[in-house]
Amino acid sequence: MTGVGAALAAAIERLGTAGVPEPRPDAEVLLARALGTSRAGVITRAREPLSPEAAARLERLLARRAAREPVHYLIGEREFWSLPFTVDARVLIPRPETELLVETALVVAPAARRVLDLGTGSGAIAAALARALPAARVWGCDLDRDALAVARENFARHAPQVGCVAADLAAAFRAGAFDLVVSNPPYVSDAELDTLDPEVRDHEPRAALGGGPDGLMVIRRLIAEVPHALAAGGWLVMEIGAGQSGAVAELVAAEERWLQPRLWRDHAGTERVVAVERRRGEWTRS
C-alpha cells in the first residue's frame, strides 16, 4: 500500500508535469482534502499508509487539477478577509488583491451607513464590509441569480444582515440611496481573455471577467450610472485592471457629478483601485 508521503511526492510530480503553477501547495491541499485533514496533517502522517478510499478521492481531485480546474473550486472554499467563503464555478474566486478594495472603502467612507456591492458574485466584498461596518446596512447586487445563490450561502455564514438584490448595476435603485457603492467589475479586454491562465480562462465565469473590447464596458456604465444612486458626498470604489487608471480618470473627468479620482496601488505597485466622490450641491452639464 502506498504511503502518504509517497502519494504526496507523486502528486507533486503529476501536477508539475501538467503545468500547474504551484504543484506542491496544491498537492498538499488536495491530499489533505482526500485524507480529511490539514496540510500540516499531511506532513505529520507522511509515514502512514494511504487507504484505498483516500487514494481514490485523491485520484479524482488530481485528475481535475491536472486539467487546470482551480484548486479552490475543487475544495469549494477560498479565504478572503480572514474568512472562508464558499466558491464554485458560478462565481469568481476572490483574490487577495481585492482586499485592497475593502481597505480603500473603509478609508474613504468609514461612516457609511448604506452600502451597495455591485456585481457581488460570491458576496465576499459585501460580507467583509458588513463585518467591518456593523452599523451599516449592506446589500449585495448581481444580475446572475446563480451567483446570488452562492452569495446568500456566504452571507448566511458570515453576515446574515446583508440583503440580496437581483439587478443590473445601479439603474434599479432610487436616487441617493447609498453612501458607498463598491464594485469589482469585469475589466479584462476581449483580446486579453484568451491569454489568461487556463484556470481562469477555461473555468471561471466569463461574464464576470470580460469587459468588452477595451475592458472598460462595465466601468463606463458604473461611472455614468452610480451617481444617481449615491447621496451627495458618497463614494464609488472599484477595482480596475492594470494599465487602466489613465482611461478611467478620463471617464471620471468627463462626468461632472464626480470629483477628481483617487488611486490606490496594490503590493506590486499597480494602480488597482479607484475611489471617486460624488459632488455635493448642484451640477450642470456643459
# chains A, B, ... in the order shown; residues from 1 in each chain; ligands from 1
$ residues_around --residues "A:Gly233" --least-positions-apart "4" --cutoff "7 Å" --atoms "only C-alpha atoms" --output "list in words"
Glu277, Arg278, Arg279 and Arg280 of chain A
$ select_by_dssp --residues "stretch 5-210 of chain A" --states "strand (DSSP E)" --output "ChimeraX atom specification"
/A:77-80,83-86,114-118,137-142,163-166,178-183
$ closest_residue --among "A:Ala54, A:Leu133, A:Val107, A:Val87" --to "A:Gly36" --atoms "only C-alpha atoms"
A:Ala54
$ closest_residue --among "A:Pro23, A:Gly5, A:Pro160, A:Gly123" --to "A:Leu92" --atoms "only C-alpha atoms"
A:Gly123
$ residues_around --residues "A:His267" --least-positions-apart "4" --cutoff "10 Å" --atoms "only C-alpha atoms" --output "list in words"
Glu97, Leu100, Glu271 and Arg272 of chain A
$ closest_atom_pairs --of "stretch 57-142 of chain A" --to "stretch 148-154 of chain A" --cutoff "12 Å" --atoms "only C-alpha atoms" --output "Markdown table"
| residue | atom | partner | partner_atom | distance |
| --- | --- | --- | --- | --- |
| A:Gly76 | CA | A:Val150 | CA | 11.0 |
| A:Glu77 | CA | A:Asn154 | CA | 10.4 |
| A:Arg78 | CA | A:Asn154 | CA | 11.2 |
| A:Glu79 | CA | A:Asn154 | CA | 11.7 |
| A:Phe80 | CA | A:Asn154 | CA | 11.5 |
| A:Leu83 | CA | A:Asn154 | CA | 9.9 |
| A:Pro84 | CA | A:Asn154 | CA | 8.7 |
| A:Phe85 | CA | A:Asn154 | CA | 6.1 |
| A:Thr86 | CA | A:Asn154 | CA | 6.3 |
| A:Val87 | CA | A:Val150 | CA | 7.1 |
| A:Asp88 | CA | A:Val150 | CA | 8.1 |
| A:Ala89 | CA | A:Val150 | CA | 10.0 |
| A:Arg90 | CA | A:Val150 | CA | 7.6 |
| A:Val91 | CA | A:Val150 | CA | 7.6 |
| A:Leu92 | CA | A:Val150 | CA | 10.7 |
| A:Ile93 | CA | A:Val150 | CA | 11.6 |
| A:Asp117 | CA | A:Ala151 | CA | 11.3 |
| A:Leu118 | CA | A:Leu148 | CA | 11.4 |
| A:Gly119 | CA | A:Leu148 | CA | 9.3 |
| A:Thr120 | CA | A:Ala151 | CA | 7.3 |
| A:Gly121 | CA | A:Ala151 | CA | 6.3 |
| A:Ser122 | CA | A:Ala151 | CA | 4.6 |
| A:Gly123 | CA | A:Ala151 | CA | 4.5 |
| A:Ala124 | CA | A:Asn154 | CA | 7.5 |
| A:Ile125 | CA | A:Ala151 | CA | 10.1 |
| A:Ala126 | CA | A:Ala151 | CA | 9.1 |
| A:Ala127 | CA | A:Asn154 | CA | 7.8 |
| A:Ala128 | CA | A:Asn154 | CA | 10.7 |
| A:Trp139 | CA | A:Ala151 | CA | 10.8 |
| A:Gly140 | CA | A:Ala151 | CA | 7.9 |
| A:Cys141 | CA | A:Leu148 | CA | 7.7 |
| A:Asp142 | CA | A:Leu148 | CA | 6.3 |
$ closest_residue --among "A:Val102, A:Leu35, A:Leu180, A:Leu196" --to "A:Gly210" --atoms "only C-alpha atoms"
A:Leu196
$ residues_around --residues "A:Arg65" --least-positions-apart "5" --cutoff "10 Å" --atoms "only C-alpha atoms" --output "PyMOL selection string"
chain A and resi 14-15+18+20+23+26-27+30+59-60+70-74+199
